[in-house]
Every structure is written in structure tokens, then in C-alpha cells.
file structure-v9.cif (mmCIF, C-alpha atoms)
data_final
#
loop_
_atom_site.label_atom_id
_atom_site.label_comp_id
_atom_site.auth_asym_id
_atom_site.auth_seq_id
_atom_site.Cartn_x
_atom_site.Cartn_y
_atom_site.Cartn_z
CA MET I 22 0.00 0.00 0.00
CA ARG I 23 1.21 3.54 -0.71
CA VAL I 24 0.38 6.03 2.06
CA LEU I 25 0.55 9.83 1.91
CA VAL I 26 1.55 11.38 5.25
CA THR I 27 0.92 15.11 5.44
CA GLY I 28 2.97 17.01 7.98
CA ALA I 29 5.72 14.41 7.54
CA SER I 30 8.44 16.60 9.07
CA GLY I 31 6.41 17.53 12.15
CA ASP I 32 6.42 15.97 15.59
CA PHE I 33 3.75 13.38 14.78
CA GLY I 34 4.64 12.84 11.14
CA SER I 35 8.30 12.12 11.79
CA CYS I 36 7.21 9.39 14.23
CA ILE I 37 4.48 7.95 12.00
CA VAL I 38 6.59 7.66 8.82
CA PRO I 39 8.94 4.96 10.18
CA GLU I 40 5.98 3.06 11.69
CA VAL I 41 4.18 2.91 8.34
CA ILE I 42 7.34 1.91 6.47
CA GLY I 43 8.10 -0.67 9.16
CA ARG I 44 4.76 -2.31 8.39
CA GLY I 45 5.82 -2.83 4.79
CA HIS I 46 4.14 0.14 3.13
CA GLU I 47 5.51 2.83 0.84
CA VAL I 48 5.25 6.41 2.11
CA VAL I 49 4.97 9.71 0.32
CA GLY I 50 5.80 12.35 2.92
CA LEU I 51 4.44 15.85 2.36
CA SER I 52 5.58 18.89 4.32
CA ARG I 53 7.07 22.35 3.84
CA ARG I 54 10.31 21.36 5.53
CA ARG I 55 12.41 18.73 3.86
CA HIS I 56 12.18 15.40 5.63
CA SER I 57 14.37 12.46 4.81
CA PHE I 58 14.07 8.88 5.88
CA PRO I 59 16.65 6.26 4.93
CA SER I 60 14.43 3.89 2.99
CA PRO I 61 13.83 3.16 -0.68
CA ARG I 62 10.13 3.06 0.27
CA TYR I 63 10.11 6.76 1.20
CA ARG I 64 9.70 9.73 -1.13
CA HIS I 65 9.32 13.30 0.05
CA VAL I 66 7.34 16.13 -1.52
CA SER I 67 8.35 19.55 -0.21
CA THR I 68 5.30 21.78 -0.52
CA ASP I 69 2.81 23.80 1.47
CA ILE I 70 -0.46 22.05 2.34
CA ARG I 71 -2.25 25.16 1.02
CA ASP I 72 -0.99 24.41 -2.52
CA ALA I 73 -3.93 22.34 -3.77
CA ALA I 74 -2.23 21.47 -7.07
CA ALA I 75 0.88 20.17 -5.31
CA VAL I 76 -1.23 18.18 -2.84
CA ALA I 77 -3.14 16.66 -5.77
CA GLY I 78 0.15 15.77 -7.47
CA ALA I 79 1.45 14.05 -4.34
CA MET I 80 -1.83 12.10 -4.08
CA SER I 81 -1.27 10.29 -7.39
CA GLY I 82 -1.10 6.53 -6.87
CA VAL I 83 -1.84 6.75 -3.15
CA ASP I 84 -4.07 4.19 -1.42
CA ALA I 85 -4.51 5.93 1.95
CA VAL I 86 -3.81 9.24 3.68
CA ILE I 87 -2.63 10.04 7.19
CA HIS I 88 -3.37 13.75 7.54
CA LEU I 89 -1.26 15.41 10.22
CA ALA I 90 -0.45 18.83 8.71
CA TRP I 91 -1.68 21.46 11.17
CA THR I 92 -0.62 24.62 12.93
CA THR I 93 0.18 23.79 16.53
CA HIS I 94 1.45 27.12 17.83
CA PRO I 95 -0.83 30.09 18.45
CA SER I 96 -0.66 32.71 15.75
CA HIS I 97 -2.07 36.19 15.51
CA GLU I 98 -2.54 35.63 11.78
CA LEU I 99 -5.91 33.94 12.02
CA GLU I 100 -6.52 33.85 8.26
CA ALA I 101 -3.17 32.15 7.59
CA THR I 102 -3.76 29.67 10.39
CA ARG I 103 -7.21 28.81 9.06
CA ALA I 104 -5.83 28.49 5.52
CA ILE I 105 -3.37 25.85 6.74
CA ASP I 106 -5.69 23.97 9.10
CA VAL I 107 -9.00 24.08 7.27
CA GLY I 108 -7.89 24.98 3.75
CA GLY I 109 -5.14 22.37 3.83
CA THR I 110 -7.62 19.72 4.93
CA ALA I 111 -9.99 20.76 2.13
CA ALA I 112 -7.13 20.43 -0.36
CA VAL I 113 -6.40 16.91 0.93
CA LEU I 114 -10.07 15.87 0.78
CA ASP I 115 -10.49 17.29 -2.73
CA ALA I 116 -7.38 15.49 -3.98
CA MET I 117 -8.57 12.26 -2.36
CA GLN I 118 -11.90 12.53 -4.13
CA ARG I 119 -10.28 13.23 -7.52
CA GLU I 120 -7.85 10.31 -7.11
CA GLY I 121 -10.44 7.89 -5.70
CA VAL I 122 -8.66 7.52 -2.35
CA SER I 123 -11.14 6.46 0.33
CA ARG I 124 -8.94 5.70 3.36
CA LEU I 125 -8.19 8.61 5.70
CA ILE I 126 -6.72 8.87 9.15
CA SER I 127 -6.86 12.40 10.49
CA ALA I 128 -5.47 13.66 13.78
CA SER I 129 -8.42 15.08 15.65
CA SER I 130 -8.54 16.51 19.15
CA VAL I 131 -10.81 16.56 22.15
CA MET I 132 -10.63 20.33 21.68
CA ALA I 133 -13.14 19.97 18.83
CA TYR I 134 -15.66 19.38 21.63
CA GLY I 135 -14.39 22.41 23.52
CA ALA I 136 -13.03 22.75 27.02
CA ASN I 137 -16.43 23.42 28.55
CA ALA I 138 -17.20 23.13 32.25
CA ASP I 139 -20.48 21.33 31.48
CA ASN I 140 -18.96 18.66 29.22
CA PRO I 141 -19.89 15.12 30.22
CA PRO I 142 -17.18 13.25 32.17
CA ARG I 143 -16.48 11.09 29.12
CA LEU I 144 -16.91 12.51 25.64
CA VAL I 145 -17.94 10.23 22.77
CA GLU I 146 -18.00 10.89 19.04
CA SER I 147 -21.76 11.48 19.03
CA ASP I 148 -21.47 14.37 21.52
CA PRO I 149 -21.96 17.81 19.97
CA LEU I 150 -18.90 19.79 18.91
CA LEU I 151 -18.83 22.98 20.98
CA PRO I 152 -15.38 24.45 20.34
CA SER I 153 -14.15 27.41 22.32
CA ARG I 154 -14.59 30.44 20.08
CA LEU I 155 -11.54 31.97 21.80
CA GLN I 156 -9.20 29.25 20.51
CA ALA I 157 -8.54 28.96 16.78
CA TYR I 158 -7.19 25.44 17.30
CA SER I 159 -10.50 24.32 18.82
CA VAL I 160 -12.61 26.04 16.17
CA HIS I 161 -10.53 24.66 13.32
CA LYS I 162 -10.58 21.08 14.66
CA ALA I 163 -14.38 21.23 14.86
CA GLU I 164 -14.66 22.73 11.37
CA VAL I 165 -12.41 20.02 9.93
CA GLU I 166 -14.48 17.32 11.63
CA GLY I 167 -17.43 18.71 9.68
CA LEU I 168 -15.51 18.69 6.39
CA ILE I 169 -14.44 15.09 6.88
CA SER I 170 -17.94 13.98 7.85
CA ALA I 171 -19.35 15.64 4.73
CA ALA I 172 -16.74 14.10 2.39
#

call {"tool": "encode", "arguments": {"input": "structure-v9.cif", "output": "C-alpha cells"}}
result
Amino acid sequence: MRVLVTGASGDFGSCIVPEVIGRGHEVVGLSRRRHSFPSPRYRHVSTDIRDAAAVAGAMSGVDAVIHLAWTTHPSHELEATRAIDVGGTAAVLDAMQREGVSRLISASSVMAYGANADNPPRLVESDPLLPSRLQAYSVHKAEVEGLISAA
């Protein structure tokens, strides 16, 4: 199987890539920063997740996607942050649809449900998403959950 890992050079991606390769799969790593892995089953695509054409090009021949590209540090540039988080996810989902890729693993977060004092003690996937409007991370995770559900 050939797997596209977005955010391949990040904290999660750089740990996931060797795991996927170790299970006998080929990996196409996609990230802005160059990421190398010493394996003939690894190829890297250096691009920005916001570049829909480049994401679509990297998707060619892929059987599954592990989507990890995300902003993790607070930014005062809310539009740029949203373009990466939500726009990047939309680019991945669009490319998957065009290429006929149906397998997706996406890194979600409990923050999609919001850090609310009245949350139940144990959240489950059917609980409503009530992200904190004061945290872009929370809002974007909830918005992306909606995009994935609609895809």
C-alpha cells in the first residue's frame, strides 16, 4: 500500500513515517520542511499544504492518507492559520476525491468538543462539537471534523 503522510516533518509525522514503512508500506511524505528517511520506500514532496495542485500531485497513486499537517502554535494571523488547518484539509479531501482515495486517518482533538465546564465526564463521538470560540485550534478542529464527515 502507498500512504501519503501530510505534515511528515512535524512531531507526529516524523514518528508515524517509520511506523508505516516498518509495516511494509511505501510512504509519500508531504511537508514544507524537507524530511528524509533512509528507505527506498520513502519519497518526500516539499510543498505547502495550502498548494492544492501540489497536494493533488502528491496524491497520485496513493491508497490511503494520514493527515497530520496542522498549525500547533498560536498565531495572531488567524486567516493564515485557518488556511493551513481548514484549507489544507480541504485540499487533501479534494485530492482524495479526484484520485479515488477512500482511506483517511486524520489527527483530531478533544478540543473539537471544547473545554467546557459542562462537558460530560467522558466525551464520545456522538457528543456535539462545541469548540471554544476563543481558541482557533479548537474552532478549526471542529470545522475540519465537519468537512471530513461531509466528504

call {"tool": "residues_around", "arguments": {"input": "structure-v9.cif", "residues": "I:Pro152", "least_positions_apart": "5", "cutoff": "6 Å", "atoms": "all atoms listed in the file", "output": "count of residues only"}}
result
5

call {"tool": "resolve_selection", "arguments": {"input": "structure-v9.cif", "expression": "the PyMOL selection byres ((chain I and resi 59) around 12)", "output": "PDB file with C-alpha atoms, in the frame of the given file"}}
result
ATOM      1  CA  VAL I  38       6.590   7.660   8.820  1.00  0.00           C
ATOM      2  CA  PRO I  39       8.940   4.960  10.180  1.00  0.00           C
ATOM      3  CA  ILE I  42       7.340   1.910   6.470  1.00  0.00           C
ATOM      4  CA  GLY I  43       8.100  -0.670   9.160  1.00  0.00           C
ATOM      5  CA  VAL I  48       5.250   6.410   2.110  1.00  0.00           C
ATOM      6  CA  HIS I  56      12.180  15.400   5.630  1.00  0.00           C
ATOM      7  CA  SER I  57      14.370  12.460   4.810  1.00  0.00           C
ATOM      8  CA  PHE I  58      14.070   8.880   5.880  1.00  0.00           C
ATOM      9  CA  SER I  60      14.430   3.890   2.990  1.00  0.00           C
ATOM     10  CA  PRO I  61      13.830   3.160  -0.680  1.00  0.00           C
ATOM     11  CA  ARG I  62      10.130   3.060   0.270  1.00  0.00           C
ATOM     12  CA  TYR I  63      10.110   6.760   1.200  1.00  0.00           C
ATOM     13  CA  ARG I  64       9.700   9.730  -1.130  1.00  0.00           C
ATOM     14  CA  HIS I  65       9.320  13.300   0.050  1.00  0.00           C
TER      15      HIS I  65
END

call {"tool": "resolve_selection", "arguments": {"input": "structure-v9.cif", "expression": "the PyMOL selection byres ((chain I and resi 109) around 10)", "output": "compact mmCIF listing (two decimals) with C-alpha atoms, in the frame of the given file"}}
result
# COMPACT_ATOMS: atom_id res chain seq x y z
CA THR I 27 0.92 15.11 5.44
CA ASP I 69 2.81 23.80 1.47
CA ILE I 70 -0.46 22.05 2.34
CA ARG I 71 -2.25 25.16 1.02
CA ASP I 72 -0.99 24.41 -2.52
CA ALA I 73 -3.93 22.34 -3.77
CA VAL I 76 -1.23 18.18 -2.84
CA HIS I 88 -3.37 13.75 7.54
CA ALA I 90 -0.45 18.83 8.71
CA TRP I 91 -1.68 21.46 11.17
CA THR I 102 -3.76 29.67 10.39
CA ARG I 103 -7.21 28.81 9.06
CA ALA I 104 -5.83 28.49 5.52
CA ILE I 105 -3.37 25.85 6.74
CA ASP I 106 -5.69 23.97 9.10
CA VAL I 107 -9.00 24.08 7.27
CA GLY I 108 -7.89 24.98 3.75
CA THR I 110 -7.62 19.72 4.93
CA ALA I 111 -9.99 20.76 2.13
CA ALA I 112 -7.13 20.43 -0.36
CA VAL I 113 -6.40 16.91 0.93
CA LEU I 114 -10.07 15.87 0.78
CA ASP I 115 -10.49 17.29 -2.73
CA VAL I 165 -12.41 20.02 9.93

call {"tool": "residues_around", "arguments": {"input": "structure-v9.cif", "residues": "I:Ser147", "least_positions_apart": "3", "cutoff": "12 Å", "atoms": "all atoms listed in the file", "output": "list in words"}}
result
Tyr134, Pro141, Arg143, Leu144, Leu150 and Glu166 of chain I

call {"tool": "resolve_selection", "arguments": {"input": "structure-v9.cif", "expression": "the PyMOL selection byres ((chain I and resi 33) around 12)", "output": "PyMOL selection string"}}
result
chain I and resi 26-32+34-40+52+87-91+93+127-128

call {"tool": "write_last_selection", "arguments": {"input": "structure-v9.cif", "atoms": "C-alpha atoms", "output": "compact mmCIF listing (two decimals), in the coordinates of the input"}}
result
# COMPACT_ATOMS: atom_id res chain seq x y z
CA VAL I 26 1.55 11.38 5.25
CA THR I 27 0.92 15.11 5.44
CA GLY I 28 2.97 17.01 7.98
CA ALA I 29 5.72 14.41 7.54
CA SER I 30 8.44 16.60 9.07
CA GLY I 31 6.41 17.53 12.15
CA ASP I 32 6.42 15.97 15.59
CA GLY I 34 4.64 12.84 11.14
CA SER I 35 8.30 12.12 11.79
CA CYS I 36 7.21 9.39 14.23
CA ILE I 37 4.48 7.95 12.00
CA VAL I 38 6.59 7.66 8.82
CA PRO I 39 8.94 4.96 10.18
CA GLU I 40 5.98 3.06 11.69
CA SER I 52 5.58 18.89 4.32
CA ILE I 87 -2.63 10.04 7.19
CA HIS I 88 -3.37 13.75 7.54
CA LEU I 89 -1.26 15.41 10.22
CA ALA I 90 -0.45 18.83 8.71
CA TRP I 91 -1.68 21.46 11.17
CA THR I 93 0.18 23.79 16.53
CA SER I 127 -6.86 12.40 10.49
CA ALA I 128 -5.47 13.66 13.78

call {"tool": "closest_residue", "arguments": {"input": "structure-v9.cif", "among": "I:Val83, I:Gln156, I:Val24, I:Leu168", "to": "I:His97", "atoms": "only C-alpha atoms"}}
result
I:Gln156

call {"tool": "closest_residue", "arguments": {"input": "structure-v9.cif", "among": "I:Glu100, I:Val41, I:Ala171, I:Glu47", "to": "I:Ala157", "atoms": "all atoms listed in the file"}}
result
I:Glu100

call {"tool": "closest_residue", "arguments": {"input": "structure-v9.cif", "among": "I:Glu120, I:Glu146, I:Asp84, I:Glu98", "to": "I:Arg23", "atoms": "only C-alpha atoms"}}
result
I:Asp84

call {"tool": "residues_around", "arguments": {"input": "structure-v9.cif", "residues": "I:Gly82", "least_positions_apart": "2", "cutoff": "12 Å", "atoms": "only C-alpha atoms", "output": "ChimeraX atom specification"}}
result
/I:22-25,47-49,77-80,84-86,116-117,119-122

call {"tool": "closest_residue", "arguments": {"input": "structure-v9.cif", "among": "I:Leu51, I:Pro149, I:Ile169, I:Ser96", "to": "I:Gln118", "atoms": "all atoms listed in the file"}}
result
I:Ile169

call {"tool": "closest_residue", "arguments": {"input": "structure-v9.cif", "among": "I:Arg53, I:Lys162, I:Arg154, I:His94", "to": "I:Ser129", "atoms": "all atoms listed in the file"}}
result
I:Lys162

call {"tool": "atom_distance", "arguments": {"input": "structure-v9.cif", "atom1": "atom CA of I:Arg54", "atom2": "atom CA of I:Ser67"}}
result
6.3 Å

call {"tool": "atom_distance", "arguments": {"input": "structure-v9.cif", "atom1": "atom CA of I:Ala163", "atom2": "atom CA of I:Leu125"}}
result
16.8 Å
